[in-house]
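A short worksheet on the structure shown next.
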Amino acid sequence: MLAELLRIARFGLVGGLASATYALIVLVLVDAMAMNTSLASVLAYLLAIPVSFFGQKHFTFGSSAAARGEFARFLIVQGVSLLLSLVVMRAVTDWLGWSHRIGILAVIIVIAVVNYGIMRNLVFLGRKP
């Protein structure tokens, strides 16, 4: 139980770093470059993928499995998560009419919950117990 709680904490730290990367990029693209929020969200999400993969593989899960197989599964999860992030951002900004800053927070929360379960059970199979 303690090991799982520590893994969740590490997941949160890595996710926080990837989320900060995502948020900073969205803010720059939207606020400084007047980019559409949906496009900015997609680009930022893609640019945060390497931060997330290497942090989760090595720090969170301590996986010793081949990176190629894990990265392929990780990319599939990220593709699904990217679509989910787009839906969440559009729901918040376009449908609810709220700020993209609230959209950023909503994307971060939804993706964190979904991704932990999938990464733990389907992506990093060579993880430490």
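Chain labels A, B, ... are given in the sequence in which chains occur in the structure tokens; within each chain residues are numbered consecutively from 1, and ligands are likewise numbered from 1 in the order shown.
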Report the residues of segment 19-86 of chain A whose backbone DSSP state falls under alpha helix (DSSP H), written as an mmCIF file with C-alpha atoms, in the first residue's frame.
```cif
data_model
loop_
_atom_site.group_PDB
_atom_site.id
_atom_site.type_symbol
_atom_site.label_atom_id
_atom_site.label_comp_id
_atom_site.auth_asym_id
_atom_site.auth_seq_id
_atom_site.Cartn_x
_atom_site.Cartn_y
_atom_site.Cartn_z
ATOM 1 C CA SER A 19 1.469 19.754 -16.898
ATOM 2 C CA ALA A 20 3.583 22.826 -16.227
ATOM 3 C CA THR A 21 5.187 22.322 -19.638
ATOM 4 C CA TYR A 22 1.716 22.029 -21.203
ATOM 5 C CA ALA A 23 0.326 25.061 -19.364
ATOM 6 C CA LEU A 24 3.289 27.303 -20.140
ATOM 7 C CA ILE A 25 3.118 26.461 -23.836
ATOM 8 C CA VAL A 26 -0.665 27.042 -23.984
ATOM 9 C CA LEU A 27 -0.305 30.383 -22.233
ATOM 10 C CA THR A 37 -7.138 27.605 -27.767
ATOM 11 C CA SER A 38 -7.866 24.184 -29.246
ATOM 12 C CA LEU A 39 -4.832 24.270 -31.539
ATOM 13 C CA ALA A 40 -2.647 25.605 -28.728
ATOM 14 C CA SER A 41 -3.842 22.805 -26.454
ATOM 15 C CA VAL A 42 -2.989 20.127 -29.030
ATOM 16 C CA LEU A 43 0.478 21.530 -29.755
ATOM 17 C CA ALA A 44 1.278 21.925 -26.080
ATOM 18 C CA TYR A 45 0.098 18.401 -25.356
ATOM 19 C CA LEU A 46 2.354 16.965 -28.060
ATOM 20 C CA LEU A 47 5.364 18.914 -26.819
ATOM 21 C CA ALA A 48 4.853 17.661 -23.261
ATOM 22 C CA ILE A 49 4.870 13.961 -24.282
ATOM 23 C CA PRO A 50 8.656 13.382 -23.967
ATOM 24 C CA VAL A 51 8.696 14.992 -20.523
ATOM 25 C CA SER A 52 5.945 12.655 -19.401
ATOM 26 C CA PHE A 53 7.269 9.438 -20.985
ATOM 27 C CA PHE A 54 10.808 9.581 -19.668
ATOM 28 C CA ALA A 67 11.575 1.543 -24.217
ATOM 29 C CA ARG A 68 10.374 0.878 -27.774
ATOM 30 C CA GLY A 69 7.416 -1.282 -26.751
ATOM 31 C CA GLU A 70 6.514 0.946 -23.856
ATOM 32 C CA PHE A 71 6.795 4.078 -25.956
ATOM 33 C CA ALA A 72 4.488 2.576 -28.593
ATOM 34 C CA ARG A 73 1.853 1.814 -25.939
ATOM 35 C CA PHE A 74 2.472 5.205 -24.337
ATOM 36 C CA LEU A 75 1.843 6.949 -27.673
ATOM 37 C CA ILE A 76 -1.460 5.120 -28.090
ATOM 38 C CA VAL A 77 -2.507 6.258 -24.614
ATOM 39 C CA GLN A 78 -1.349 9.776 -25.418
ATOM 40 C CA GLY A 79 -3.361 9.761 -28.639
ATOM 41 C CA VAL A 80 -6.500 8.885 -26.722
ATOM 42 C CA SER A 81 -5.583 11.410 -24.032
ATOM 43 C CA LEU A 82 -4.926 14.077 -26.642
ATOM 44 C CA LEU A 83 -8.415 13.624 -28.040
ATOM 45 C CA LEU A 84 -9.805 13.701 -24.510
ATOM 46 C CA SER A 85 -7.846 16.895 -23.758
ATOM 47 C CA LEU A 86 -9.252 18.513 -26.887
#
```
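Pairwise distance (atom CA of Thr93 of chain A, atom CA of Met119 of chain A) equals 28.2 Å.
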Can you pull out every residue within 10 Å of Leu105 of chain A, counting only C-alpha atoms, but drop anything in the same chain fewer than 2 positions away, and send it as an NGL selection string? :A and (19 or 23 or 88-89 or 100-103 or 107-110)
Between atom CA of Leu5 of chain A and atom CA of Ala106 of chain A, distance in Å (one decimal):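 Straight-line distance from atom CA of Leu5 of chain A to atom CA of Ala106 of chain A works out to 23.0 Å.
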As an NGL selection string, please: the residues near segment 56-65 of chain A (cut-off 6 Å, only C-alpha atoms, same-chain neighbours under 4 positions excluded). :A and (7 or 10-11 or 52 or 126-128)
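As for atom CA of Met35 of chain A and atom CA of Asn115 of chain A, they are spaced 26.9 Å apart.
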Option closest in space to Asp94 of chain A, from A:Ala112, A:Gly55, A:Asn36, A:Leu29 [counting only C-alpha atoms]: A:Asn36
